[in-house]
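To be precise, the following lines are my_file-v4.txt, and they hold compact mmCIF, C-alpha atoms.
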# COMPACT_ATOMS: atom_id res chain seq x y z
CA MET A 1 7.12 -29.63 55.91
CA THR A 2 6.34 -27.16 53.17
CA GLN A 3 8.30 -24.29 51.78
CA THR A 4 7.44 -21.26 49.70
CA ILE A 5 9.60 -21.04 46.61
CA THR A 6 9.89 -18.56 43.80
CA LEU A 7 10.65 -19.86 40.33
CA ARG A 8 11.15 -17.89 37.16
CA VAL A 9 9.72 -20.13 34.46
CA ASN A 10 9.90 -19.04 30.82
CA GLY A 11 10.41 -15.46 31.97
CA LYS A 12 7.44 -15.43 34.34
CA GLU A 13 7.79 -15.43 38.11
CA HIS A 14 5.77 -17.94 40.14
CA THR A 15 5.57 -18.21 43.92
CA VAL A 16 4.26 -21.54 45.17
CA GLU A 17 4.12 -23.40 48.43
CA VAL A 18 5.34 -26.96 48.00
CA PRO A 19 6.04 -29.93 50.26
CA VAL A 20 9.84 -30.18 50.48
CA GLN A 21 9.78 -33.63 48.89
CA ARG A 22 7.92 -32.39 45.79
CA LEU A 23 9.76 -33.07 42.57
CA LEU A 24 10.32 -30.26 40.10
CA ILE A 25 8.47 -32.16 37.36
CA ASP A 26 5.37 -32.42 39.55
CA CYS A 27 5.64 -28.77 40.52
CA LEU A 28 5.83 -27.77 36.84
CA ARG A 29 3.03 -30.05 35.72
CA TYR A 30 0.58 -29.91 38.62
CA ASP A 31 1.32 -26.68 40.52
CA LEU A 32 2.03 -24.52 37.47
CA GLY A 33 0.01 -26.44 34.88
CA LEU A 34 2.95 -26.69 32.49
CA THR A 35 2.23 -30.19 31.22
CA GLY A 36 4.52 -29.96 28.18
CA THR A 37 7.33 -31.55 30.18
CA LYS A 38 6.77 -35.32 30.31
CA GLU A 39 7.73 -37.95 32.82
CA GLY A 40 9.06 -41.16 31.33
CA CYS A 41 11.44 -43.35 33.28
CA SER A 42 11.48 -41.35 36.56
CA VAL A 43 15.15 -42.22 37.12
CA GLY A 44 16.98 -39.67 34.97
CA VAL A 45 17.68 -41.97 32.03
CA CYS A 46 15.12 -41.23 29.29
CA GLY A 47 15.32 -37.44 29.03
CA ALA A 48 11.57 -36.85 28.57
CA CYS A 49 11.56 -34.54 31.61
CA THR A 50 14.49 -32.40 30.40
CA VAL A 51 14.21 -28.73 31.35
CA LEU A 52 16.84 -25.98 31.45
CA MET A 53 17.79 -24.58 34.84
CA ASP A 54 19.98 -21.49 34.65
CA GLY A 55 20.64 -22.52 31.04
CA GLN A 56 21.77 -26.07 31.80
CA MET A 57 19.71 -29.11 30.98
CA ILE A 58 18.65 -31.18 33.96
CA SER A 59 16.27 -34.04 34.72
CA SER A 60 13.26 -32.47 36.43
CA CYS A 61 12.28 -35.94 37.73
CA LEU A 62 15.47 -36.05 39.85
CA THR A 63 15.34 -32.48 41.06
CA LEU A 64 13.52 -31.36 44.17
CA ALA A 65 11.33 -28.34 43.50
CA VAL A 66 12.87 -26.55 46.50
CA LEU A 67 16.23 -26.80 44.75
CA ALA A 68 14.90 -24.62 41.95
CA ASP A 69 14.02 -21.81 44.37
CA GLY A 70 15.31 -18.56 42.92
CA ARG A 71 16.44 -20.19 39.70
CA GLU A 72 15.61 -19.47 36.08
CA LEU A 73 13.83 -22.33 34.31
CA ARG A 74 12.99 -22.91 30.68
CA THR A 75 10.55 -25.58 29.60
CA VAL A 76 9.24 -26.58 26.20
CA GLU A 77 6.42 -24.03 26.64
CA GLY A 78 9.03 -21.27 26.67
CA LEU A 79 10.75 -22.11 23.39
CA ALA A 80 8.27 -20.53 20.97
CA GLN A 81 7.77 -16.77 20.58
CA PRO A 82 4.96 -15.23 22.67
CA ASP A 83 2.90 -14.91 19.45
CA GLY A 84 3.15 -18.67 18.91
CA THR A 85 5.86 -18.63 16.25
CA LEU A 86 7.84 -21.81 16.79
CA SER A 87 11.54 -21.69 17.56
CA PRO A 88 13.93 -22.78 14.77
CA VAL A 89 14.49 -26.08 16.61
CA GLN A 90 10.77 -26.76 16.94
CA GLN A 91 10.12 -25.82 13.32
CA ALA A 92 12.98 -28.06 12.13
CA PHE A 93 11.58 -31.03 14.08
CA ILE A 94 8.34 -30.56 12.10
CA ASP A 95 10.01 -29.96 8.75
CA TYR A 96 12.39 -32.92 9.07
CA GLY A 97 9.91 -35.31 10.71
CA GLY A 98 11.87 -35.43 13.95
CA PHE A 99 9.13 -37.09 15.93
CA GLN A 100 6.66 -39.92 15.73
CA CYS A 101 4.52 -40.57 18.82
CA GLY A 102 5.73 -37.34 20.44
CA ILE A 103 6.28 -38.37 24.05
CA CYS A 104 10.05 -37.72 23.87
CA THR A 105 9.67 -34.56 21.77
CA PRO A 106 9.51 -31.89 24.52
CA GLY A 107 12.70 -33.31 26.05
CA MET A 108 14.31 -33.66 22.63
CA VAL A 109 13.66 -30.09 21.48
CA THR A 110 14.65 -28.69 24.88
CA ALA A 111 17.92 -30.67 24.89
CA ALA A 112 18.59 -29.72 21.27
CA THR A 113 17.98 -26.06 22.11
CA ALA A 114 20.60 -26.28 24.87
CA LEU A 115 23.00 -27.99 22.49
CA LEU A 116 22.74 -25.29 19.82
CA GLU A 117 23.15 -22.56 22.42
CA ALA A 118 26.34 -24.24 23.67
CA ASN A 119 27.60 -25.31 20.25
CA PRO A 120 26.11 -23.65 17.15
CA ARG A 121 28.10 -25.87 14.80
CA PRO A 122 27.81 -29.41 16.18
CA THR A 123 29.14 -32.38 14.23
CA GLU A 124 26.99 -35.47 13.95
CA ASP A 125 29.07 -37.04 16.75
CA ASP A 126 28.57 -33.94 18.93
CA ILE A 127 24.82 -34.28 18.41
CA LYS A 128 24.88 -37.99 19.26
CA GLU A 129 26.94 -37.46 22.40
CA TRP A 130 24.75 -34.60 23.63
CA MET A 131 21.43 -36.26 22.77
CA MET A 132 22.49 -39.69 24.08
CA GLY A 133 20.43 -39.08 27.21
CA ASN A 134 17.19 -38.55 25.30
CA LEU A 135 15.53 -41.78 24.28
CA CYS A 136 13.00 -42.15 21.45
CA ARG A 137 11.21 -45.46 21.74
CA CYS A 138 9.87 -45.07 18.21
CA THR A 139 13.61 -45.06 17.36
CA GLY A 140 13.29 -42.06 15.09
CA TYR A 141 16.87 -41.07 15.73
CA TYR A 142 18.02 -40.38 12.15
CA LYS A 143 15.35 -37.80 11.60
CA ILE A 144 16.00 -36.27 15.01
CA ILE A 145 19.65 -35.83 14.08
CA ALA A 146 18.61 -34.38 10.71
CA SER A 147 16.22 -31.99 12.49
CA ILE A 148 19.00 -30.71 14.74
CA GLN A 149 21.39 -30.33 11.83
CA GLY A 150 18.69 -28.45 9.94
CA ALA A 151 17.96 -26.19 12.90
CA ALA A 152 21.67 -25.51 13.38
CA ALA A 153 22.05 -24.52 9.73
CA ARG A 154 19.02 -22.22 9.88
CA LEU A 155 20.24 -20.59 13.07
CA ARG A 156 23.54 -19.91 11.33
CA GLY A 157 21.63 -18.39 8.42
CA GLU A 158 22.77 -21.08 6.01
CA GLU A 159 20.92 -22.90 3.26
CA THR A 160 19.24 -26.00 4.61
CA PRO A 161 19.28 -29.41 2.98
CA MET B 1 9.03 -39.96 48.70
CA ASN B 2 8.81 -39.53 52.47
CA PRO B 3 8.89 -36.02 53.93
CA PHE B 4 11.96 -34.71 55.72
CA ALA B 5 13.27 -31.61 57.42
CA TYR B 6 15.12 -29.57 54.82
CA HIS B 7 18.20 -27.41 55.36
CA THR B 8 20.21 -25.28 52.95
CA PRO B 9 23.40 -24.25 54.75
CA GLU B 10 25.53 -21.57 53.14
CA THR B 11 28.84 -22.21 54.85
CA GLN B 12 30.91 -25.27 55.57
CA GLU B 13 30.65 -24.53 59.31
CA GLU B 14 26.85 -24.66 59.12
CA VAL B 15 27.05 -27.99 57.29
CA LEU B 16 29.35 -29.46 59.93
CA THR B 17 27.16 -28.19 62.77
CA LEU B 18 24.02 -29.66 61.16
CA LEU B 19 25.77 -33.00 60.67
CA HIS B 20 26.99 -32.92 64.25
CA GLU B 21 23.42 -32.32 65.45
CA HIS B 22 21.62 -34.80 63.22
CA GLY B 23 24.31 -37.44 62.55
CA ASP B 24 22.89 -40.66 61.18
CA GLU B 25 19.40 -39.24 60.68
CA ALA B 26 20.67 -36.73 58.14
CA LYS B 27 21.66 -37.15 54.52
CA LEU B 28 23.75 -34.70 52.54
CA MET B 29 22.60 -33.94 49.02
CA ALA B 30 24.93 -32.48 46.42
CA GLY B 31 23.64 -33.03 42.86
CA GLY B 32 21.03 -35.45 44.13
CA THR B 33 20.99 -37.58 40.97
CA ALA B 34 21.73 -40.76 42.96
CA LEU B 35 20.15 -39.83 46.29
CA VAL B 36 16.79 -38.70 44.91
CA ILE B 37 16.35 -42.04 43.12
CA MET B 38 17.10 -43.90 46.35
CA MET B 39 14.67 -41.68 48.25
CA LYS B 40 11.96 -42.19 45.64
CA GLN B 41 12.43 -45.94 45.97
CA ARG B 42 12.46 -45.57 49.77
CA LEU B 43 15.83 -47.27 49.99
CA VAL B 44 16.93 -44.18 51.89
CA MET B 45 14.51 -42.26 54.12
CA PRO B 46 16.39 -39.46 55.83
CA GLU B 47 14.64 -37.49 58.57
CA THR B 48 16.78 -34.51 57.65
CA LEU B 49 18.01 -33.54 54.21
CA ILE B 50 20.90 -31.10 54.00
CA SER B 51 21.22 -29.69 50.49
CA LEU B 52 24.67 -28.34 49.66
CA HIS B 53 23.63 -26.27 46.64
CA ARG B 54 24.00 -22.93 48.41
CA LEU B 55 27.51 -23.71 49.60
CA ARG B 56 30.16 -21.69 47.78
CA GLY B 57 33.82 -22.33 47.15
CA LEU B 58 33.79 -26.11 47.00
CA ASP B 59 33.63 -26.41 43.23
CA ALA B 60 37.12 -25.32 42.14
CA VAL B 61 39.84 -27.23 40.30
CA ARG B 62 43.27 -26.08 41.42
CA GLN B 63 46.85 -27.20 41.16
CA VAL B 64 48.51 -27.29 44.58
CA ASN B 65 52.17 -28.25 44.32
CA GLY B 66 52.19 -31.66 42.65
CA ASP B 67 48.50 -32.34 43.13
CA VAL B 68 45.30 -31.35 41.44
CA HIS B 69 42.57 -30.59 43.97
CA LEU B 70 38.97 -31.07 42.93
CA GLY B 71 36.37 -29.41 45.14
CA ALA B 72 33.74 -31.95 46.14
CA LEU B 73 30.91 -29.91 44.62
CA LEU B 74 32.52 -29.71 41.18
CA THR B 75 30.10 -31.22 38.68
CA HIS B 76 31.17 -34.07 36.42
CA ARG B 77 30.61 -31.79 33.43
CA ALA B 78 32.84 -29.09 34.89
CA ALA B 79 35.51 -31.70 35.67
CA GLU B 80 35.34 -33.15 32.18
CA THR B 81 35.78 -29.72 30.58
CA ALA B 82 38.28 -28.18 33.06
CA ALA B 83 41.43 -27.09 31.20
CA LEU B 84 43.67 -28.03 34.13
CA LEU B 85 42.32 -31.56 34.23
CA ARG B 86 42.48 -31.96 30.47
CA THR B 87 46.15 -30.97 30.41
CA ARG B 88 47.47 -32.46 33.67
CA LEU B 89 45.18 -35.48 34.17
CA PRO B 90 43.60 -36.14 30.77
CA VAL B 91 42.62 -39.69 31.75
CA LEU B 92 40.49 -38.32 34.57
CA ALA B 93 38.73 -35.75 32.37
CA GLU B 94 38.09 -38.57 29.90
CA THR B 95 36.70 -40.82 32.64
CA TYR B 96 34.26 -38.18 33.86
CA ARG B 97 33.06 -37.87 30.27
CA HIS B 98 32.16 -41.57 30.31
CA VAL B 99 29.66 -41.11 33.14
CA ALA B 100 25.97 -41.28 32.19
CA THR B 101 24.82 -38.36 30.01
CA VAL B 102 25.48 -34.62 29.74
CA ARG B 103 22.23 -33.94 31.60
CA ILE B 104 23.32 -36.03 34.59
CA ARG B 105 26.92 -34.76 34.43
CA ASN B 106 25.59 -31.18 34.59
CA VAL B 107 24.36 -31.91 38.10
CA ALA B 108 26.17 -34.92 39.61
CA THR B 109 29.20 -33.85 41.67
CA VAL B 110 32.60 -35.52 41.95
CA GLY B 111 32.44 -35.66 45.74
CA GLY B 112 28.84 -36.80 45.91
CA ALA B 113 29.61 -39.67 43.55
CA LEU B 114 32.40 -40.95 45.79
CA ALA B 115 30.27 -40.67 48.92
CA HIS B 116 27.51 -42.59 47.11
CA ALA B 117 30.04 -45.45 46.72
CA ASP B 118 28.30 -47.49 44.08
CA PRO B 119 30.92 -50.05 42.94
CA ASN B 120 29.74 -49.72 39.33
CA GLN B 121 30.86 -46.13 38.91
CA ASP B 122 33.65 -45.08 36.54
CA PRO B 123 35.57 -42.27 38.31
CA PRO B 124 36.61 -44.24 41.42
CA VAL B 125 38.43 -46.74 39.21
CA THR B 126 40.57 -44.10 37.53
CA LEU B 127 41.04 -42.22 40.81
CA LEU B 128 42.33 -45.43 42.44
CA ALA B 129 44.80 -45.95 39.60
CA LEU B 130 45.94 -42.33 40.05
CA ASP B 131 46.44 -42.86 43.80
CA ALA B 132 43.95 -40.15 44.79
CA ARG B 133 43.13 -39.10 48.34
CA VAL B 134 39.98 -37.61 49.82
CA GLN B 135 39.59 -34.90 52.42
CA LEU B 136 36.95 -35.56 55.09
CA SER B 137 35.85 -32.90 57.58
CA SER B 138 33.75 -32.76 60.72
CA VAL B 139 33.39 -30.36 63.67
CA ASN B 140 36.29 -32.25 65.22
CA GLY B 141 38.67 -31.45 62.37
CA SER B 142 39.82 -32.83 59.07
CA ARG B 143 41.48 -35.99 57.90
CA GLU B 144 42.89 -37.18 54.63
CA VAL B 145 42.17 -40.74 53.54
CA PRO B 146 43.73 -42.59 50.60
CA LEU B 147 40.95 -43.65 48.26
CA THR B 148 42.21 -47.24 48.60
CA ASP B 149 40.98 -47.12 52.23
CA PHE B 150 37.78 -45.18 51.57
CA PHE B 151 35.31 -47.75 50.23
CA THR B 152 34.19 -50.51 52.59
CA ASP B 153 31.16 -52.20 50.98
CA TYR B 154 28.25 -51.61 48.60
CA TYR B 155 27.30 -47.95 49.18
CA GLU B 156 29.46 -47.90 52.32
CA THR B 157 32.54 -45.84 53.06
CA VAL B 158 34.66 -44.84 56.06
CA LEU B 159 32.77 -41.52 56.19
CA ARG B 160 31.43 -41.07 59.71
CA PRO B 161 27.88 -39.76 60.14
CA ASP B 162 29.19 -36.31 61.10
CA GLU B 163 31.71 -36.07 58.26
CA VAL B 164 31.53 -34.48 54.83
CA LEU B 165 33.82 -35.17 51.89
CA THR B 166 35.20 -31.77 50.86
CA ALA B 167 37.89 -32.46 48.26
CA ILE B 168 39.61 -35.02 46.07
CA ARG B 169 43.38 -34.71 45.75
CA VAL B 170 45.05 -36.32 42.78
CA PRO B 171 48.83 -36.45 42.33
CA ILE B 172 49.98 -35.41 38.86
CA PRO B 173 51.84 -38.45 37.52
CA PRO B 174 55.61 -37.97 37.10
CA SER B 175 57.23 -37.92 33.65
CA HIS B 176 57.39 -41.17 31.66
CA SER B 177 53.97 -42.08 33.01
CA GLY B 178 50.82 -43.07 31.18
CA SER B 179 47.27 -43.81 32.30
CA ALA B 180 44.19 -45.29 30.72
CA TYR B 181 40.61 -46.15 31.62
CA VAL B 182 38.62 -48.61 29.54
CA LYS B 183 34.95 -49.22 30.08
CA PHE B 184 33.28 -52.34 28.73
CA LEU B 185 29.75 -51.41 27.76
CA PRO B 186 27.76 -54.07 25.97
CA ARG B 187 24.44 -52.21 26.27
CA THR B 188 24.13 -48.44 25.95
CA ALA B 189 26.76 -45.73 26.20
CA ASP B 190 25.20 -44.15 29.28
CA ASP B 191 25.01 -47.38 31.26
CA TYR B 192 27.18 -48.60 34.08
CA ALA B 193 30.04 -50.78 32.89
CA THR B 194 30.07 -54.56 32.86
CA VAL B 195 33.70 -54.06 33.82
CA GLY B 196 35.78 -50.89 34.11
CA ALA B 197 39.56 -51.06 34.29
CA ALA B 198 42.17 -48.37 34.81
CA ALA B 199 45.96 -48.54 34.80
CA THR B 200 48.79 -46.15 35.46
CA VAL B 201 52.33 -47.06 34.43
CA ARG B 202 55.63 -45.26 35.05
CA LEU B 203 58.55 -46.39 32.94
CA ASP B 204 62.31 -46.24 33.44
CA PRO B 205 63.32 -44.20 30.37
CA ALA B 206 66.74 -45.88 30.20
CA THR B 207 65.61 -49.49 30.21
CA GLY B 208 61.92 -49.27 29.26
CA THR B 209 60.93 -51.40 32.23
CA CYS B 210 57.99 -50.58 34.46
CA GLN B 211 59.08 -48.75 37.61
CA ASP B 212 55.64 -48.39 39.08
CA CYS B 213 52.18 -49.48 38.20
CA ARG B 214 48.66 -49.26 39.61
CA ILE B 215 45.69 -51.24 38.34
CA ALA B 216 42.09 -50.73 39.45
CA LEU B 217 38.78 -52.34 38.61
CA GLY B 218 35.13 -51.40 38.92
CA SER B 219 31.84 -53.37 38.72
CA VAL B 220 33.50 -56.62 39.83
CA GLY B 221 33.14 -56.51 43.60
CA SER B 222 31.39 -54.82 46.49
CA THR B 223 33.75 -51.84 46.11
CA PRO B 224 36.00 -50.51 43.37
CA LEU B 225 39.28 -52.33 43.94
CA ARG B 226 43.03 -52.21 43.37
CA ALA B 227 44.49 -55.32 41.72
CA LEU B 228 47.59 -55.30 43.91
CA GLN B 229 48.87 -58.75 42.94
CA ALA B 230 48.63 -57.90 39.26
CA GLU B 231 50.58 -54.70 39.91
CA ALA B 232 53.34 -56.76 41.54
CA VAL B 233 53.49 -58.95 38.44
CA VAL B 234 54.07 -55.91 36.23
CA ARG B 235 56.62 -53.94 38.28
CA GLY B 236 60.18 -54.26 37.01
CA GLN B 237 59.09 -55.91 33.77
CA ARG B 238 59.13 -55.05 30.09
CA LEU B 239 55.98 -54.88 28.01
CA THR B 240 55.30 -58.20 26.33
CA PRO B 241 52.07 -59.88 25.28
CA GLU B 242 52.78 -62.59 27.89
CA LEU B 243 53.14 -60.02 30.67
CA LEU B 244 49.85 -58.35 29.75
CA ARG B 245 48.08 -61.69 29.69
CA GLU B 246 49.52 -62.73 33.04
CA ALA B 247 48.56 -59.40 34.65
CA GLY B 248 45.02 -59.91 33.37
CA VAL B 249 44.81 -63.44 34.73
CA VAL B 250 46.14 -62.42 38.15
CA ALA B 251 43.82 -59.39 38.29
CA GLN B 252 40.72 -61.40 37.49
CA GLN B 253 41.49 -63.73 40.39
CA GLN B 254 41.07 -60.75 42.72
CA THR B 255 37.55 -60.02 41.51
CA ASP B 256 34.30 -61.11 43.10
CA PRO B 257 31.53 -59.98 40.74
CA ILE B 258 27.83 -60.72 40.98
CA SER B 259 25.62 -61.88 38.12
CA ASP B 260 23.19 -59.23 36.92
CA THR B 261 21.75 -57.78 33.72
CA ARG B 262 25.22 -56.64 32.67
CA GLY B 263 26.64 -60.16 32.64
CA SER B 264 27.13 -63.33 34.67
CA ALA B 265 29.75 -63.38 37.39
CA GLU B 266 31.84 -65.76 35.31
CA TYR B 267 31.67 -63.52 32.26
CA LYS B 268 32.54 -60.41 34.23
CA ARG B 269 35.53 -62.13 35.74
CA ALA B 270 36.77 -63.19 32.31
CA MET B 271 36.22 -59.68 30.95
CA ALA B 272 38.09 -58.18 33.92
CA GLY B 273 41.18 -60.02 32.69
CA VAL B 274 40.70 -58.81 29.13
CA PHE B 275 40.11 -55.21 30.12
CA VAL B 276 43.02 -55.05 32.56
CA ARG B 277 45.20 -56.20 29.68
CA ARG B 278 43.83 -53.48 27.42
CA ALA B 279 44.06 -50.72 30.03
CA LEU B 280 47.61 -51.71 30.86
CA GLU B 281 48.69 -51.79 27.24
CA GLN B 282 47.13 -48.41 26.53
CA ALA B 283 48.71 -46.88 29.66
CA TRP B 284 52.09 -48.33 28.67
CA GLN B 285 51.87 -46.94 25.15
CA ARG B 286 50.95 -43.53 26.53
CA ALA B 287 53.92 -43.68 28.92
CA GLN B 288 56.21 -44.46 25.98
CA ALA B 289 54.70 -41.69 23.86
CA GLY B 290 54.73 -39.02 26.61
CA SER B 291 57.78 -37.31 28.03
Written as structure tokens, how would this file's structure read?
Amino acid sequence: MTQTITLRVNGKEHTVEVPVQRLLIDCLRYDLGLTGTKEGCSVGVCGACTVLMDGQMISSCLTLAVLADGRELRTVEGLAQPDGTLSPVQQAFIDYGGFQCGICTPGMVTAATALLEANPRPTEDDIKEWMMGNLCRCTGYYKIIASIQGAAARLRGEETP
Amino acid sequence: MNPFAYHTPETQEEVLTLLHEHGDEAKLMAGGTALVIMMKQRLVMPETLISLHRLRGLDAVRQVNGDVHLGALLTHRAAETAALLRTRLPVLAETYRHVATVRIRNVATVGGALAHADPNQDPPVTLLALDARVQLSSVNGSREVPLTDFFTDYYETVLRPDEVLTAIRVPIPPSHSGSAYVKFLPRTADDYATVGAAATVRLDPATGTCQDCRIALGSVGSTPLRALQAEAVVRGQRLTPELLREAGVVAQQQTDPISDTRGSAEYKRAMAGVFVRRALEQAWQRAQAGS
């Protein structure tokens, strides 16, 4: 059984026909070619596949593509400006060394973007609680936290450490 | 994942009709965070999948007389942040916050989690200690079931194939009551517990003795369970270190855990005693501190 679904991804509308059992991550990566979103654990634990659906972060590996029909999605490809200028969160991850091998990074910056939209002034504990579901197997957590703190400060127009 | 026929009903009547037609061959999906994993692993292979995401009106938190009603499609995140829950049933809001991660809580629903009936979950333990009830509906009508009678085995409940869980009803504890949930997590903060324990205590303000008490445990049996014998030990008594210890010992005798990556059966049983003691003490202190 297939179904035709319409997704709005990073502001652009896509209409695709998918088998009903297709996962959102596969739809994004293989039907739409948006390979920025990664698949890690496939069971909703590692956070590599984090995308925002109607503004809320979800695991695209646990979401059926048909469930996203008519919804608004944001992936890591949609964070930068159309001219390529990186978002403050992306830029901070570079400036503060918030990544090593990079496999967790799309999920990390997407989750951090959602955090700063929900809470522009997170404490370190707020960051840890929110980002708990995004695993970095290089264990670069301190610099990830510093990156998010740096991005938060920049977004607030403050001096950054 | 195997293919299936896919339905997206928009009203409760449509859901009930679909369930009536497809019965055992159909699976309901709310958030899907548990079901999709089971389908990917082919532990569950429904011929028909009924997604509830277009259904409206089943995600409210309301106070109805002395109860708080949680719509089954309320997400864990919405439950954890609901002002009504935070003020009237803070222990329950706190328990929902202990489940997995924000990303999962954004999607996983309070009703779906109960219907999933994994004995390692956190909310059923607190809900048992709060004496919650669930509302089950089918084309033949509705029935209310105490949560104590709801779980029957690993991933099994009294839900009939044509029934849907529509609401959780939680009595607001009377004055001089306190509740606590403690989760023993030796690995990571988003993991299932090695043991979860919840307690609710109501004190006689004149004498300080325990008038009523409920103790529940998770991860130590095929279902979340009430430690009824331990409750009997506590009723009518004053808080002493000996009483807490005895309640823990009696509670752990009621457990039947399995050995897994979160601990051996023996260890879990021992920890059940420790964590019942801690939950009980915390609940008691909250009862003394509250009005």
Practice task
With a distance threshold of 10 Å and counting all atoms listed in the file, extract the residues of chain A near chain B and express them as number ranges by chain.
Solution key: A: 1-3, 19-23, 42-45, 47, 50-52, 56-59, 61-64, 66-67, 111, 129-134
Practice task
Kindly give the distance, in Å, that separates atom CA of B:Leu128 and atom CA of B:Glu144, rounded to a single decimal.
Solution key: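 Pair atom CA of B:Leu128 / atom CA of B:Glu144 returns 14.7 Å.
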Problem - Within 10 Å of file point (26.8, -60.2, 40.3), counting all atoms listed in the file, expressed as a ChimeraX atom specification - result: /B:194,219-222,256-268
Practice task
Please provide as a ChimeraX atom specification all residues within 9 Å of B:Arg238, with the sequence filter that same-chain residues fewer than 5 positions apart are discarded (counting only C-alpha atoms).
Solution key: /B:207-210,243
Exercise for the section: Excluding A:Gly36 and residues on its chain fewer than 3 positions from it, collect all residues at most 7 Å away from it, counting all atoms listed in the file, and give them as number ranges by chain. Expected result: A: 76-77, 106
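Proximity of A:Ala146, A:Arg8, A:Arg29, A:Leu135 to A:Ala92, computed with all atoms listed in the file, is greatest for A:Ala146.
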Handout entry: Distance query A:Thr105 at most 9 Å, only C-alpha atoms, self and fewer than 6 positions along chain excluded, as a PyMOL selection string
Key = chain A and resi 48+93+98-99+136
Exercise for the section: One decimal, Å: what's the distance from atom CA of A:Asp69 over to atom CA of B:His7, could you say? Expected result: 13.0 Å
Practice task
Enter the distance from atom CA of B:Thr17 to atom CA of B:Asp162, in Å, rounded to one decimal.
Solution key: 8.5 Å
Can you report as JSON the centre and edge lengths in Å, to one decimal, of an axis-aligned box around the listed atoms of stretch 87-100 of chain A padded with 3 Å on each side?
{"center_x": 10.6, "center_y": -30.8, "center_z": 13.2, "size_x": 13.8, "size_y": 24.2, "size_z": 14.8}
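Taking only C-alpha atoms into account, the residues near (48.7, -59.1, 37.7), no farther than 7 Å, are Ala227, Gln229, Ala230, Glu231, Ala232, Val233, Val234, Glu246, Ala247, Gly248, Val249, Val250 and Ala251 of chain B.
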Completion exercise
Using all atoms listed in the file, the shortest atom-to-atom distance to B:Asn120 among B:Val201, B:Ala193, B:Leu16, B:Met271 belongs to B:Ala193
Handout entry: B:Ala129 environment, 7 Å, only C-alpha atoms, sequence neighbours closer than 4 positions dropped, as a ChimeraX atom specification
Key = /B:125,198-200,214-216
Handout entry: Nearest candidate to A:Ile94 (options A:Thr37, A:Thr139, A:Thr75, A:Ser147; using only C-alpha atoms)
Key =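 For A:Ile94, the nearest of the candidates is A:Ser147.
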